[in-house]
>>> print(open('data.pdb').read())   # PDB, C-alpha atoms
MODEL        1
ATOM      1  CA  MET A   1      16.042 -27.245   2.070
ATOM      2  CA  THR A   2      14.689 -26.663   5.569
ATOM      3  CA  CYS A   3      11.614 -24.837   6.866
ATOM      4  CA  THR A   4      11.551 -22.697   9.981
ATOM      5  CA  HIS A   5       9.388 -20.105  11.757
ATOM      6  CA  PHE A   6      10.276 -16.584  12.890
ATOM      7  CA  ALA A   7       8.280 -14.581  15.418
ATOM      8  CA  LYS A   8       7.184 -10.996  14.708
ATOM      9  CA  GLU A   9      10.139  -8.552  14.981
ATOM     10  CA  GLN A  10      12.671 -11.407  14.814
ATOM     11  CA  VAL A  11      15.605 -10.731  12.456
ATOM     12  CA  LEU A  12      16.213 -13.232   9.653
ATOM     13  CA  PHE A  13      19.582 -11.695   8.771
ATOM     14  CA  ARG A  14      21.381  -8.377   9.197
ATOM     15  CA  GLU A  15      23.007  -5.934   6.809
ATOM     16  CA  GLY A  16      26.651  -6.965   6.346
ATOM     17  CA  ASP A  17      26.121 -10.654   7.209
ATOM     18  CA  PRO A  18      27.541 -13.268   4.793
ATOM     19  CA  ALA A  19      25.060 -14.240   2.083
ATOM     20  CA  ASP A  20      25.079 -17.951   2.903
ATOM     21  CA  SER A  21      21.408 -18.766   2.187
ATOM     22  CA  VAL A  22      18.224 -17.671   0.409
ATOM     23  CA  PHE A  23      14.834 -17.531   2.105
ATOM     24  CA  ARG A  24      11.565 -18.253   0.318
ATOM     25  CA  LEU A  25       8.686 -16.748   2.274
ATOM     26  CA  LEU A  26       5.860 -19.274   2.680
ATOM     27  CA  SER A  27       3.561 -17.168   4.881
ATOM     28  CA  GLY A  28       3.520 -13.781   6.580
ATOM     29  CA  SER A  29       5.494 -10.684   5.577
ATOM     30  CA  VAL A  30       9.059  -9.426   6.108
ATOM     31  CA  ASP A  31      10.320  -5.826   6.258
ATOM     32  CA  ILE A  32      13.549  -4.988   4.421
ATOM     33  CA  LEU A  33      15.565  -2.229   6.134
ATOM     34  CA  ARG A  34      18.862  -0.391   5.772
ATOM     35  CA  GLU A  35      20.612   1.856   8.258
ATOM     36  CA  LEU A  36      21.164   5.535   7.546
ATOM     37  CA  ASP A  37      23.161   7.446  10.171
ATOM     38  CA  GLY A  38      22.191   4.800  12.713
ATOM     39  CA  ASP A  39      18.466   4.932  11.945
ATOM     40  CA  PRO A  40      16.594   2.078  10.202
ATOM     41  CA  ILE A  41      15.021   3.020   6.839
ATOM     42  CA  LEU A  42      12.223   0.801   5.513
ATOM     43  CA  LEU A  43      12.954  -0.126   1.886
ATOM     44  CA  GLY A  44       9.879  -2.287   1.407
ATOM     45  CA  THR A  45       7.898  -5.295   2.567
ATOM     46  CA  VAL A  46       8.114  -8.783   1.054
ATOM     47  CA  GLY A  47       5.069 -11.047   0.930
ATOM     48  CA  ALA A  48       4.470 -14.786   0.701
ATOM     49  CA  GLY A  49       5.890 -16.566  -2.334
ATOM     50  CA  GLN A  50       8.889 -14.255  -2.770
ATOM     51  CA  PHE A  51      12.614 -14.798  -2.248
ATOM     52  CA  ILE A  52      14.597 -12.903   0.387
ATOM     53  CA  GLY A  53      18.388 -12.558   0.358
ATOM     54  CA  GLU A  54      18.871 -13.704  -3.214
ATOM     55  CA  MET A  55      20.799 -10.586  -4.280
ATOM     56  CA  GLY A  56      23.754 -11.340  -2.036
ATOM     57  CA  VAL A  57      23.902 -14.935  -3.294
ATOM     58  CA  VAL A  58      23.681 -13.910  -6.961
ATOM     59  CA  GLU A  59      26.358 -11.209  -6.508
ATOM     60  CA  ASN A  60      28.434 -13.263  -3.992
ATOM     61  CA  ARG A  61      28.481 -10.224  -1.679
ATOM     62  CA  PRO A  62      27.442  -9.616   1.966
ATOM     63  CA  ARG A  63      23.819  -8.809   2.813
ATOM     64  CA  SER A  64      22.910  -5.322   1.577
ATOM     65  CA  ALA A  65      19.991  -4.913   4.017
ATOM     66  CA  THR A  66      18.390  -6.320   7.156
ATOM     67  CA  ALA A  67      15.338  -8.606   6.948
ATOM     68  CA  ARG A  68      12.975  -8.435   9.934
ATOM     69  CA  ALA A  69       9.696 -10.318  10.346
ATOM     70  CA  ALA A  70       6.725  -7.909  10.126
ATOM     71  CA  SER A  71       4.463 -10.711  11.368
ATOM     72  CA  GLU A  72       4.880 -14.336  12.328
ATOM     73  CA  VAL A  73       6.421 -15.955   9.258
ATOM     74  CA  GLU A  74       7.320 -19.360   7.891
ATOM     75  CA  VAL A  75      10.248 -19.632   5.487
ATOM     76  CA  GLU A  76      12.009 -22.224   3.403
ATOM     77  CA  ILE A  77      15.806 -21.895   3.629
ATOM     78  CA  LEU A  78      17.909 -22.820   0.603
ATOM     79  CA  THR A  79      21.678 -23.037   0.338
ATOM     80  CA  PRO A  80      23.226 -20.975  -2.490
ATOM     81  CA  THR A  81      23.681 -24.172  -4.524
ATOM     82  CA  GLU A  82      20.056 -25.249  -3.990
ATOM     83  CA  PHE A  83      18.803 -21.795  -4.954
ATOM     84  CA  LEU A  84      20.907 -21.516  -8.115
ATOM     85  CA  ASP A  85      20.010 -25.082  -9.148
ATOM     86  CA  GLN A  86      16.314 -24.264  -8.679
ATOM     87  CA  ILE A  87      16.605 -21.137 -10.825
ATOM     88  CA  ALA A  88      18.498 -23.047 -13.514
ATOM     89  CA  SER A  89      15.970 -25.902 -13.647
ATOM     90  CA  SER A  90      12.694 -23.972 -13.235
ATOM     91  CA  PRO A  91      11.590 -21.357 -15.793
ATOM     92  CA  ARG A  92       8.868 -20.267 -13.378
ATOM     93  CA  ALA A  93      11.345 -19.635 -10.549
ATOM     94  CA  ALA A  94      13.676 -17.797 -12.929
ATOM     95  CA  ARG A  95      10.779 -15.640 -14.151
ATOM     96  CA  GLU A  96       9.771 -14.783 -10.576
ATOM     97  CA  LEU A  97      13.373 -13.805  -9.766
ATOM     98  CA  ILE A  98      13.619 -11.571 -12.835
ATOM     99  CA  GLN A  99      10.293  -9.925 -11.991
ATOM    100  CA  ARG A 100      11.385  -9.272  -8.413
ATOM    101  CA  LEU A 101      14.742  -7.770  -9.434
ATOM    102  CA  SER A 102      12.980  -5.692 -12.104
ATOM    103  CA  GLN A 103      10.525  -4.448  -9.474
ATOM    104  CA  ARG A 104      13.393  -3.399  -7.200
ATOM    105  CA  LEU A 105      15.079  -1.529 -10.043
ATOM    106  CA  ARG A 106      11.810   0.237 -10.889
ATOM    107  CA  GLU A 107      11.284   1.186  -7.234
ATOM    108  CA  ALA A 108      14.822   2.576  -7.064
ATOM    109  CA  ASP A 109      14.227   4.609 -10.240
ATOM    110  CA  ASP A 110      10.933   5.934  -8.844
ATOM    111  CA  ARG A 111      12.635   6.858  -5.590
ATOM    112  CA  ILE A 112      15.332   8.833  -7.447
ATOM    113  CA  VAL A 113      12.702  10.722  -9.460
ATOM    114  CA  ASN A 114      10.694  11.377  -6.305
ATOM    115  CA  ASP A 115      13.785  12.743  -4.535
ATOM    116  CA  GLU A 116      14.469  15.005  -7.519
ATOM    117  CA  ARG A 117      10.927  16.363  -7.355
ATOM    118  CA  ARG A 118      11.225  17.047  -3.651
ATOM    119  CA  SER A 119      14.510  18.898  -4.079
ATOM    120  CA  GLY A 120      13.055  21.027  -6.883
ATOM    121  CA  ARG A 121      15.808  20.095  -9.353
ATOM    122  CA  VAL A 122      13.380  18.759 -11.994
ATOM    123  CA  HIS A 123      12.212  22.326 -12.734
ATOM    124  CA  GLY A 124      15.445  24.017 -11.757
ATOM    125  CA  THR A 125      13.913  25.703  -8.694
ATOM    126  CA  ARG A 126      13.594  24.952  -5.015
ATOM    127  CA  LYS A 127      10.111  23.883  -3.887
ATOM    128  CA  ASP A 128       8.674  25.403  -0.749
ATOM    129  CA  ALA A 129       7.925  23.213   2.300
ATOM    130  CA  ASP A 130       4.228  22.850   1.510
ATOM    131  CA  SER A 131       4.948  21.668  -2.028
ATOM    132  CA  GLN A 132       7.497  19.129  -0.795
ATOM    133  CA  THR A 133       5.108  17.591   1.728
ATOM    134  CA  ALA A 134       2.445  17.350  -0.975
ATOM    135  CA  VAL A 135       4.602  15.043  -3.111
ATOM    136  CA  GLU A 136       3.069  11.592  -2.952
ATOM    137  CA  SER A 137       5.236   8.677  -1.859
ATOM    138  CA  VAL A 138       5.867   5.965  -4.430
ATOM    139  CA  HIS A 139       3.931   2.780  -3.760
ATOM    140  CA  ASN A 140       3.707  -0.545  -5.539
ATOM    141  CA  ALA A 141       0.822  -2.975  -5.387
ATOM    142  CA  TYR A 142       0.588  -6.560  -6.641
ATOM    143  CA  LEU A 143      -2.217  -9.106  -6.820
ATOM    144  CA  ALA A 144      -1.370 -12.814  -6.540
ATOM    145  CA  ALA A 145      -3.221 -16.105  -6.211
ATOM    146  CA  LYS A 146      -2.880 -17.420  -2.665
ATOM    147  CA  SER A 147      -4.724 -20.741  -2.908
ATOM    148  CA  SER A 148      -3.175 -23.552  -4.959
ATOM    149  CA  TRP A 149      -6.502 -23.968  -6.784
ATOM    150  CA  LEU A 150      -6.462 -20.345  -7.944
ATOM    151  CA  GLN A 151      -2.782 -20.526  -8.890
ATOM    152  CA  ARG A 152      -3.787 -22.887 -11.686
ATOM    153  CA  GLN A 153      -5.611 -19.960 -13.311
ATOM    154  CA  PHE A 154      -2.894 -17.349 -12.883
ATOM    155  CA  ARG A 155       0.581 -18.063 -11.536
ATOM    156  CA  THR A 156       2.392 -14.765 -11.995
ATOM    157  CA  PRO A 157       1.608 -11.832  -9.631
ATOM    158  CA  LEU A 158      -0.075  -8.931 -11.423
ATOM    159  CA  GLY A 159       1.121  -5.375 -10.935
ATOM    160  CA  LEU A 160      -1.682  -2.978 -10.028
ATOM    161  CA  GLY A 161      -0.288   0.069 -11.758
ATOM    162  CA  ASP A 162      -3.525   1.132 -13.442
ATOM    163  CA  LEU A 163      -6.312   1.521 -10.900
ATOM    164  CA  PRO A 164      -9.119   0.782 -10.328
ATOM    165  CA  PHE A 165      -8.507  -2.931 -10.932
ATOM    166  CA  ILE A 166     -11.621  -5.124 -11.253
ATOM    167  CA  VAL A 167     -11.778  -8.887 -10.623
ATOM    168  CA  GLY A 168     -14.702 -10.910 -11.908
ATOM    169  CA  ARG A 169     -15.989 -14.097 -13.527
ATOM    170  CA  GLY A 170     -15.948 -14.856 -17.208
ATOM    171  CA  PRO A 171     -19.332 -15.320 -18.932
ATOM    172  CA  VAL A 172     -21.152 -18.576 -19.524
ATOM    173  CA  ALA A 173     -23.605 -19.300 -22.367
ATOM    174  CA  GLY A 174     -26.513 -16.872 -22.429
ATOM    175  CA  GLU A 175     -24.946 -14.222 -20.178
ATOM    176  CA  GLY A 176     -24.579 -10.670 -21.415
ATOM    177  CA  ARG A 177     -21.846  -8.152 -20.694
ATOM    178  CA  PRO A 178     -21.281  -7.147 -17.051
ATOM    179  CA  PRO A 179     -21.651  -3.487 -16.032
ATOM    180  CA  LEU A 180     -17.841  -3.172 -15.827
ATOM    181  CA  GLN A 181     -15.187  -4.988 -17.853
ATOM    182  CA  PRO A 182     -12.951  -7.003 -15.448
ATOM    183  CA  ASN A 183      -9.195  -6.495 -15.597
ATOM    184  CA  LEU A 184      -8.806 -10.073 -14.337
ATOM    185  CA  LYS A 185     -11.428 -12.486 -15.676
ATOM    186  CA  LEU A 186     -11.468 -15.902 -13.973
ATOM    187  CA  GLU A 187     -13.291 -19.158 -14.616
ATOM    188  CA  ASP A 188     -15.879 -20.607 -12.237
ATOM    189  CA  THR A 189     -18.483 -23.383 -12.344
ATOM    190  CA  VAL A 190     -22.010 -23.766 -10.956
ATOM    191  CA  PRO A 191     -22.731 -23.024  -8.137
ATOM    192  CA  PHE A 192     -20.788 -19.824  -8.823
ATOM    193  CA  ARG A 193     -18.681 -18.299  -6.040
ATOM    194  CA  LEU A 194     -17.406 -15.443  -8.186
ATOM    195  CA  SER A 195     -19.716 -12.738  -9.562
ATOM    196  CA  ARG A 196     -19.237 -11.191 -13.012
ATOM    197  CA  ASN A 197     -18.063  -7.990 -11.270
ATOM    198  CA  HIS A 198     -16.947  -9.160  -7.832
ATOM    199  CA  PHE A 199     -14.502  -6.700  -6.265
ATOM    200  CA  MET A 200     -12.373  -3.726  -7.192
ATOM    201  CA  ILE A 201      -9.002  -2.521  -5.896
ATOM    202  CA  GLU A 202      -8.728   1.268  -5.917
ATOM    203  CA  LYS A 203      -6.559   4.017  -4.477
ATOM    204  CA  ARG A 204      -7.983   7.018  -2.609
ATOM    205  CA  ASP A 205      -5.994   9.678  -0.765
ATOM    206  CA  ALA A 206      -2.757   7.666  -1.240
ATOM    207  CA  ASN A 207      -4.336   4.591   0.419
ATOM    208  CA  TYR A 208      -5.449   1.329  -1.191
ATOM    209  CA  HIS A 209      -8.946  -0.085  -0.685
ATOM    210  CA  VAL A 210     -11.004  -3.103  -1.757
ATOM    211  CA  ARG A 211     -14.612  -2.403  -2.744
ATOM    212  CA  ASP A 212     -17.179  -5.172  -3.174
ATOM    213  CA  LEU A 213     -19.154  -4.581  -6.396
ATOM    214  CA  CYS A 214     -22.567  -5.811  -5.187
ATOM    215  CA  SER A 215     -21.386  -9.421  -5.490
ATOM    216  CA  THR A 216     -23.750 -12.275  -4.647
ATOM    217  CA  LEU A 217     -21.666 -13.815  -1.818
ATOM    218  CA  GLY A 218     -19.533 -10.880  -0.688
ATOM    219  CA  THR A 219     -15.801 -10.381  -0.176
ATOM    220  CA  ILE A 220     -13.592 -10.911   2.902
ATOM    221  CA  VAL A 221     -10.637  -8.540   3.384
ATOM    222  CA  ASN A 222      -8.201  -9.523   6.149
ATOM    223  CA  GLY A 223     -11.017 -11.329   7.948
ATOM    224  CA  GLU A 224     -13.570  -8.509   7.525
ATOM    225  CA  PRO A 225     -16.614  -9.355   5.356
ATOM    226  CA  ILE A 226     -17.847  -6.606   3.051
ATOM    227  CA  GLY A 227     -20.689  -6.449   0.525
ATOM    228  CA  ASP A 228     -24.441  -5.948   0.270
ATOM    229  CA  HIS A 229     -25.206  -8.307   3.175
ATOM    230  CA  PHE A 230     -22.669  -6.759   5.558
ATOM    231  CA  ARG A 231     -22.110  -3.431   7.313
ATOM    232  CA  GLY A 232     -20.144  -1.897   4.449
ATOM    233  CA  ASP A 233     -18.822  -2.540   0.968
ATOM    234  CA  ASP A 234     -15.309  -1.098   1.409
ATOM    235  CA  ALA A 235     -12.205  -2.123   3.389
ATOM    236  CA  PRO A 236      -8.714  -0.541   3.543
ATOM    237  CA  LEU A 237      -5.553  -2.461   2.662
ATOM    238  CA  ARG A 238      -2.501  -2.284   4.942
ATOM    239  CA  ALA A 239       1.179  -2.215   4.053
ATOM    240  CA  GLY A 240       2.567  -5.688   3.332
ATOM    241  CA  GLU A 241       0.417  -8.720   2.587
ATOM    242  CA  ASN A 242      -3.396  -8.643   2.618
ATOM    243  CA  GLU A 243      -5.755 -11.595   2.166
ATOM    244  CA  VAL A 244      -8.839 -11.134   0.000
ATOM    245  CA  ILE A 245     -11.405 -13.950  -0.368
ATOM    246  CA  ALA A 246     -14.130 -13.638  -2.979
ATOM    247  CA  GLY A 247     -17.278 -15.693  -2.432
ATOM    248  CA  GLY A 248     -17.344 -16.755   1.229
ATOM    249  CA  VAL A 249     -15.040 -18.261   3.841
ATOM    250  CA  ASP A 250     -14.595 -21.615   2.092
ATOM    251  CA  SER A 251     -14.253 -20.166  -1.407
ATOM    252  CA  PRO A 252     -11.226 -21.225  -3.499
ATOM    253  CA  PHE A 253     -10.875 -17.644  -4.794
ATOM    254  CA  VAL A 254      -8.253 -16.600  -2.231
ATOM    255  CA  PHE A 255      -5.958 -13.727  -3.245
ATOM    256  CA  SER A 256      -2.958 -11.967  -1.740
ATOM    257  CA  VAL A 257      -2.616  -8.222  -2.302
ATOM    258  CA  PHE A 258       0.866  -6.856  -1.552
ATOM    259  CA  ILE A 259       1.259  -3.165  -0.790
ATOM    260  CA  GLY A 260       4.883  -2.035  -0.765
TER     261      GLY A 260
ENDMDL
END
>>> encode(input="data.pdb", output="structure tokens")
Amino acid sequence: MTCTHFAKEQVLFREGDPADSVFRLLSGSVDILRELDGDPILLGTVGAGQFIGEMGVVENRPRSATARAASEVEVEILTPTEFLDQIASSPRAARELIQRLSQRLREADDRIVNDERRSGRVHGTRKDADSQTAVESVHNAYLAAKSSWLQRQFRTPLGLGDLPFIVGRGPVAGEGRPPLQPNLKLEDTVPFRLSRNHFMIEKRDANYHVRDLCSTLGTIVNGEPIGDHFRGDDAPLRAGENEVIAGGVDSPFVFSVFIG
């Protein structure tokens, strides 16, 4: 295995290339594109911790899409033998691969349904232009632990299908119920960095946002602090990977939120 860096906009591999390696993304994000009538079509964005190019290796077929760095990235490059040996020897790696392939299949199914809605074939009639433009694009969002310390509490990325999604601290002796029941309840020790209700991920007007829930130490979203002690309590999430830190700059509660 070797590690290498790619600059923003640099191509990792192109559609039709031989599938002679698998990339594991260590940092940054990578756009996956295919050509349609000479124009690039964005299929999705891959974030840190995920494999890129594994489909061609598994199927022993040429690359089905182009991978282009959406930011500066660092990757680990595995030969097909190294990748398959890792999958065979690591239940965690095999589980991550299955989840990723399942996600792609779900996205493809959603895209087919969305196309049917736009064409009007679901109801047997043709939609007018205004109705077609009102159809919401299909998005997928995932929450993952970015710091190694936090990964000990939850290793598998969590799909954010049901929103809002609340992250908070579990209770200690003598504490009552928080105002809201967290979807993800994490452990912390004194002095606490994580509040009982710390932050919430929500979707408004087809865009994802992080809202600080009056936490004690605030939340940092892509470098922007939010919370009671800052200018606002809400920050938008961008396409691709987002970094969310709960409890201050040196807090171990560092999350990645992937918007695809």
>>> closest_residue(input="data.pdb", among="A:Phe192, A:Phe51, A:Tyr208, A:Phe255", to="Phe83 (chain A)", atoms="only C-alpha atoms")
A:Phe51
>>> resolve_selection(input="data.pdb", expression="the PyMOL selection byres ((chain A and resi 32) around 8)", output="number ranges by chain")
A: 30-31, 33-34, 42-46, 65-68
>>> atom_distance(input="data.pdb", atom1="CA of Ser29 (chain A)", atom2="CA of Gly223 (chain A)")
16.7 Å
>>> residues_around(input="data.pdb", residues="Ala141 (chain A)", least_positions_apart="3", cutoff="10 Å", atoms="only C-alpha atoms", output="MDAnalysis selection string")
chainID A and resid 157:161 201 208 239:241 257:260
>>> residues_near_point(input="data.pdb", point="(-11.3, -4.8, 6.3)", cutoff="6 Å", atoms="all atoms listed in the file", output="PDB file with C-alpha atoms, in the coordinates of the input")
ATOM      1  CA  VAL A 221     -10.637  -8.540   3.384  1.00  0.00           C
ATOM      2  CA  ASN A 222      -8.201  -9.523   6.149  1.00  0.00           C
ATOM      3  CA  GLU A 224     -13.570  -8.509   7.525  1.00  0.00           C
ATOM      4  CA  ALA A 235     -12.205  -2.123   3.389  1.00  0.00           C
ATOM      5  CA  PRO A 236      -8.714  -0.541   3.543  1.00  0.00           C
TER       6      PRO A 236
END
>>> resolve_selection(input="data.pdb", expression="the PyMOL selection byres ((chain A and resi 166) around 6)", output="list of chain:residue names")
A:Phe165, A:Val167, A:Pro182, A:Asn183, A:Phe199, A:Met200
>>> atom_distance(input="data.pdb", atom1="CA of Gly170 (chain A)", atom2="CA of Val254 (chain A)")
16.9 Å
>>> atom_distance(input="data.pdb", atom1="CA of Val58 (chain A)", atom2="CA of Val73 (chain A)")
23.8 Å
>>> closest_residue(input="data.pdb", among="A:Arg24, A:Ser64, A:Thr156, A:Gly247", to="Arg92 (chain A)", atoms="all atoms listed in the file")
A:Thr156
